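Notes for the one structure printed next.
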Amino acid sequence: MVRIRREEIAPLLWGWLYIFSLLGAYYMIRPIRDTISTLTGAHSLPWLFSAVLVTMLLLQWPYNKLTQCLPRERFISYSYQFCAAILLLFAALFTLPGGLNNPWVGRLFFIWVSVFNLFAVSVFWALIVDVFDTRRGKRLFGLLAAAATVGAIAGSSITALLARHLSTSMLLILSVVLIQISVFSAVKLSRSGQRLKKPPSQGEKVRDTLQGKGALAPLFTGISQTMRSPYLLGICGYILFYSITSTLLYFQQASIVRQAFSDESQRTAFFASVDLTINVLTLICQLTASGRIISRFGTPYTLMLLPLVSIIGFAWLGWAPSLAVLVGFTILRRAINFALSRPSREILFTVVSKEEKYHAKVFIDTLVYRAGDQMGAWSYQAISLLGLALGPLTLFSVALACGWAALSFALGKNQEKISRHRA
């Protein structure tokens, strides 16, 4: 089904194990983070989202500096070992009196897991695109995406099964073990990928030159490229719509789950079960329907699917704010995002320059995404402080989803137009 050459087998298998163990580690601790969001008062969540953005900005300089100073293998190893050490520190802190109910420890853990998510996956794909060129990537990246989904299924399954029987600290220690496996796999991937190397492309040379100007050069370059391009600004708008509506749904989820479950372990098991269902549906769709749907209906209509589901889901949740409606909407929305919308969103970047792929895309996928979190969080807070009922929040969410749908269709049409013009 997939043409794999002999020299690609070893790096592909190490890459498969790398992302499998990494996503397994993240999805083991993600339900714990979501449980903390239900323990934190609604007035504190917007501040937590702001703290996540500030933390990412603070880490941007040392991150870019280390990528210049350290060889690739050492940078990846040191970075993940640092993340593992932080998780071990939290495992020790959660053994103190209060556990998850310790407000400051819980808030710090929420911030760290939110940052770790984007950072860890970003490092993985940075290594993957360094090892596999575009020609190989078109054949092999689908297998790596499936490995990520399987890892997410494994991690959420472990937490769903063991949350009621193991302490939070033990779950964190298990995730650290998986991170160690990902470190080992990353080093093996880097070394086995050397045989696939060819002379650096023009895009790689441009990237190295820009990074050599300073540790923050990639960030400033990405901002400049985005501001000059209406097309990239449109992608920014798409990301903002998605992030804002996701945050609004996340806040409603925290409120409904807080009322439905009184026990912390029950909430953790619930979130893990939801993640498990989402990832199973995503994997089934990835293996059977994703490519056919995107090819059959094209980028514009595939991009519109998630906003249209969001319109119906937010309206339904506003009319009947129950746990059952929340679960159905959340599972359907996130499964469609992972299986269809995310691949379609990546297709938008296939018609931009190599420099924009290296810099503007990173800026949009990280800082713009987190900026959308802020807008969603503080919008929810403003509506709550004004004492408004659920109706205005529903209307606001549906209106955003309508604008998102229109922008999605226009972006998809623009991408197809640019692609035909270049062809």
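Residues in the structure tokens are numbered from 1 in each chain, the chains being A, B, ... in the order shown, and ligands are numbered from 1 in the order shown.
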Spatial neighbours of A:Tyr27, 7 Å, only C-alpha atoms, chain gap at least 3 places, as JSON, numbers by chain = {"A": [23, 24, 30, 152, 155, 156]}
request  = Write out as a list in words which residues come within 9 Å of A:Ile111 when counting only C-alpha atoms, dropping same-chain ones fewer than 5 positions away.
outcome  = Arg33, Leu48, Phe49, Ala51, Val52, Thr55, Gly106 and Phe116 of chain A
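Excluding A:Ala377 itself and any same-chain residue fewer than 3 positions from it, the protein and nucleic acid residues within 9 Å of it, counting only C-alpha atoms, are Leu45, Pro46, Trp47, Phe49, Ser50, Ile244, Thr247, Leu248, Phe251, Gly372, Asp373, Gln374, Tyr380, Gln381 and Ala382 of chain A.
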Distance query A:Ile278 at most 8 Å, only C-alpha atoms, self and fewer than 3 positions along chain excluded, as a ChimeraX atom specification = /A:274-275,281-282,331-332,334-335
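Interatomic distance, atom CA of A:Phe20 against atom CA of A:Arg267: 24.8 Å.
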request  = May I ask which of the residues A:Leu96, A:Val280, A:Leu232, A:Ile256 is the closest one to A:Phe349, counting only C-alpha atoms?
outcome  = A:Leu232
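Look at A:Asp263: the protein and nucleic acid residues within 12 Å of it, using only C-alpha atoms and passing over chain neighbours fewer than 4 places away, are Thr35, Ile36, Thr38, Leu39, Leu100, Asn101, Ala163, Arg164, Val257, Arg258, Gln259, Arg267, Thr268, Ala269 and Phe270 of chain A.
Across A:Val105, A:Cys236, A:Phe220, A:Ala146, the tightest approach to A:Cys285 is made by A:Ala146 when counting only C-alpha atoms.
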Which of A:Ile383, A:Ala320, A:Val325, A:Leu22 sits closest to A:Thr149 [using only C-alpha atoms] = A:Leu22
Distance table requested - stretch 236-327 of chain A against stretch 390-414 of chain A, cut-off 12 Å, only C-alpha atoms: one row per qualifying residue with the closest atom pair and its distance in Å to one decimal, ordered by chain and rising residue number, as CSV.
residue,atom,partner,partner_atom,distance
A:Cys236,CA,A:Leu407,CA,10.6
A:Gly237,CA,A:Leu407,CA,7.8
A:Tyr238,CA,A:Trp404,CA,6.5
A:Ile239,CA,A:Trp404,CA,9.3
A:Leu240,CA,A:Trp404,CA,9.0
A:Phe241,CA,A:Trp404,CA,5.8
A:Tyr242,CA,A:Trp404,CA,7.7
A:Ser243,CA,A:Leu400,CA,10.9
A:Ile244,CA,A:Leu400,CA,8.5
A:Thr245,CA,A:Ser397,CA,6.4
A:Ser246,CA,A:Ser397,CA,9.8
A:Thr247,CA,A:Ser397,CA,10.4
A:Leu248,CA,A:Ser397,CA,7.5
A:Leu249,CA,A:Ser397,CA,8.8
A:Phe251,CA,A:Leu393,CA,11.2
A:Gln252,CA,A:Leu390,CA,9.8
A:Ser255,CA,A:Leu390,CA,11.9
A:Ile294,CA,A:Gly412,CA,11.4
A:Phe297,CA,A:Gly412,CA,11.0
A:Gly298,CA,A:Gly412,CA,8.0
A:Thr299,CA,A:Gly412,CA,5.0
A:Pro300,CA,A:Gly412,CA,3.8
A:Tyr301,CA,A:Phe409,CA,6.4
A:Thr302,CA,A:Gly412,CA,8.5
A:Leu303,CA,A:Ser408,CA,5.5
A:Met304,CA,A:Ala405,CA,5.1
A:Leu305,CA,A:Ala405,CA,7.9
A:Leu306,CA,A:Ala405,CA,8.0
A:Pro307,CA,A:Ala405,CA,5.1
A:Leu308,CA,A:Ala405,CA,6.5
A:Val309,CA,A:Ala401,CA,8.8
A:Ser310,CA,A:Ala401,CA,6.2
A:Ile311,CA,A:Val398,CA,5.1
A:Ile312,CA,A:Val398,CA,8.0
A:Gly313,CA,A:Val398,CA,8.8
A:Phe314,CA,A:Thr394,CA,6.1
A:Ala315,CA,A:Thr394,CA,6.2
A:Trp316,CA,A:Thr394,CA,9.0
A:Leu317,CA,A:Thr394,CA,7.9
A:Gly318,CA,A:Thr394,CA,5.5
A:Trp319,CA,A:Gly391,CA,8.4
A:Ala320,CA,A:Leu390,CA,10.4
A:Pro321,CA,A:Leu390,CA,9.0
For the residues in that selection, give me N, CA and C atoms as a CSV table (one decimal), in the first residue's frame.
chain,number,residue,atom,x,y,z
A,236,CYS,N,-4.0,33.0,9.3
A,236,CYS,CA,-4.0,33.4,10.7
A,236,CYS,C,-5.5,33.5,11.2
A,237,GLY,N,-6.3,34.1,10.3
A,237,GLY,CA,-7.7,34.2,10.7
A,237,GLY,C,-8.4,32.8,11.0
A,238,TYR,N,-8.0,31.9,10.1
A,238,TYR,CA,-8.6,30.5,10.3
A,238,TYR,C,-8.1,29.9,11.6
A,239,ILE,N,-6.9,30.1,12.0
A,239,ILE,CA,-6.3,29.6,13.2
A,239,ILE,C,-7.0,30.3,14.4
A,240,LEU,N,-7.2,31.6,14.3
A,240,LEU,CA,-7.8,32.3,15.4
A,240,LEU,C,-9.3,31.8,15.6
A,241,PHE,N,-10.0,31.7,14.5
A,241,PHE,CA,-11.4,31.2,14.7
A,241,PHE,C,-11.4,29.8,15.3
A,242,TYR,N,-10.5,28.9,14.9
A,242,TYR,CA,-10.5,27.6,15.5
A,242,TYR,C,-10.1,27.6,16.9
A,243,SER,N,-9.1,28.4,17.3
A,243,SER,CA,-8.6,28.5,18.6
A,243,SER,C,-9.6,29.1,19.6
A,244,ILE,N,-10.2,30.2,19.1
A,244,ILE,CA,-11.2,30.9,20.0
A,244,ILE,C,-12.4,30.0,20.3
A,245,THR,N,-12.9,29.3,19.2
A,245,THR,CA,-14.1,28.5,19.5
A,245,THR,C,-13.7,27.2,20.3
A,246,SER,N,-12.5,26.7,20.1
A,246,SER,CA,-12.0,25.6,20.9
A,246,SER,C,-11.9,26.0,22.4
A,247,THR,N,-11.5,27.2,22.7
A,247,THR,CA,-11.3,27.7,24.1
A,247,THR,C,-12.7,27.9,24.7
A,248,LEU,N,-13.7,28.4,23.9
A,248,LEU,CA,-15.0,28.6,24.5
A,248,LEU,C,-15.6,27.3,24.8
A,249,LEU,N,-15.4,26.3,23.9
A,249,LEU,CA,-15.9,24.9,24.2
A,249,LEU,C,-15.2,24.3,25.4
A,251,PHE,N,-14.1,25.9,28.1
A,251,PHE,CA,-14.6,26.5,29.3
A,251,PHE,C,-16.0,25.9,29.6
A,252,GLN,N,-16.8,25.7,28.6
A,252,GLN,CA,-18.1,25.1,28.9
A,252,GLN,C,-17.9,23.6,29.3
A,255,SER,N,-17.1,23.6,33.0
A,255,SER,CA,-18.2,23.9,33.9
A,255,SER,C,-19.2,22.7,34.0
A,294,ILE,N,-10.9,14.3,1.2
A,294,ILE,CA,-10.2,15.5,0.7
A,294,ILE,C,-10.1,15.6,-0.8
A,297,PHE,N,-13.9,16.1,-2.4
A,297,PHE,CA,-14.6,17.4,-2.2
A,297,PHE,C,-13.7,18.6,-2.3
A,298,GLY,N,-12.4,18.4,-2.3
A,298,GLY,CA,-11.4,19.5,-2.4
A,298,GLY,C,-11.2,20.3,-1.1
A,299,THR,N,-10.2,21.1,-1.1
A,299,THR,CA,-9.9,21.9,0.1
A,299,THR,C,-11.0,22.8,0.6
A,300,PRO,N,-11.6,23.6,-0.2
A,300,PRO,CA,-12.7,24.5,0.3
A,300,PRO,C,-13.7,23.8,1.1
A,301,TYR,N,-14.3,22.8,0.6
A,301,TYR,CA,-15.4,22.1,1.3
A,301,TYR,C,-15.0,21.3,2.5
A,302,THR,N,-13.8,20.8,2.4
A,302,THR,CA,-13.3,20.0,3.6
A,302,THR,C,-12.9,21.0,4.7
A,303,LEU,N,-12.4,22.1,4.4
A,303,LEU,CA,-12.1,23.1,5.4
A,303,LEU,C,-13.4,23.7,6.1
A,304,MET,N,-14.5,23.7,5.3
A,304,MET,CA,-15.7,24.2,5.8
A,304,MET,C,-16.4,23.3,6.8
A,305,LEU,N,-16.0,22.0,6.7
A,305,LEU,CA,-16.8,21.0,7.5
A,305,LEU,C,-16.7,21.2,9.0
A,306,LEU,N,-15.6,21.5,9.5
A,306,LEU,CA,-15.4,21.8,10.9
A,306,LEU,C,-16.2,23.0,11.4
A,307,PRO,N,-16.1,24.1,10.7
A,307,PRO,CA,-17.0,25.3,11.1
A,307,PRO,C,-18.5,24.9,11.1
A,308,LEU,N,-18.9,24.2,10.1
A,308,LEU,CA,-20.3,23.9,10.0
A,308,LEU,C,-20.8,23.0,11.1
A,309,VAL,N,-19.9,22.0,11.5
A,309,VAL,CA,-20.2,21.1,12.7
A,309,VAL,C,-20.2,22.0,13.9
A,310,SER,N,-19.3,23.0,14.0
A,310,SER,CA,-19.3,23.9,15.2
A,310,SER,C,-20.6,24.7,15.3
A,311,ILE,N,-21.1,25.2,14.2
A,311,ILE,CA,-22.3,26.0,14.2
A,311,ILE,C,-23.5,25.1,14.8
A,312,ILE,N,-23.6,23.9,14.3
A,312,ILE,CA,-24.7,23.0,14.8
A,312,ILE,C,-24.4,22.6,16.3
A,313,GLY,N,-23.1,22.3,16.6
A,313,GLY,CA,-22.8,21.9,18.0
A,313,GLY,C,-23.0,22.9,19.0
A,314,PHE,N,-22.5,24.2,18.7
A,314,PHE,CA,-22.7,25.2,19.7
A,314,PHE,C,-24.2,25.6,19.9
A,315,ALA,N,-25.0,25.5,18.8
A,315,ALA,CA,-26.4,25.8,18.9
A,315,ALA,C,-27.1,24.7,19.8
A,316,TRP,N,-26.7,23.5,19.5
A,316,TRP,CA,-27.3,22.3,20.3
A,316,TRP,C,-26.9,22.4,21.7
A,317,LEU,N,-25.6,22.7,22.0
A,317,LEU,CA,-25.1,22.8,23.4
A,317,LEU,C,-25.8,24.0,24.1
A,318,GLY,N,-26.1,25.1,23.4
A,318,GLY,CA,-26.8,26.2,24.1
A,318,GLY,C,-28.2,25.8,24.4
A,319,TRP,N,-28.9,25.0,23.5
A,319,TRP,CA,-30.2,24.6,23.7
A,319,TRP,C,-30.4,23.6,24.8
A,320,ALA,N,-29.4,22.6,24.9
A,320,ALA,CA,-29.5,21.5,25.8
A,320,ALA,C,-28.1,21.3,26.4
A,321,PRO,N,-27.6,22.2,27.4
A,321,PRO,CA,-26.3,22.1,28.0
A,321,PRO,C,-26.1,20.9,28.9
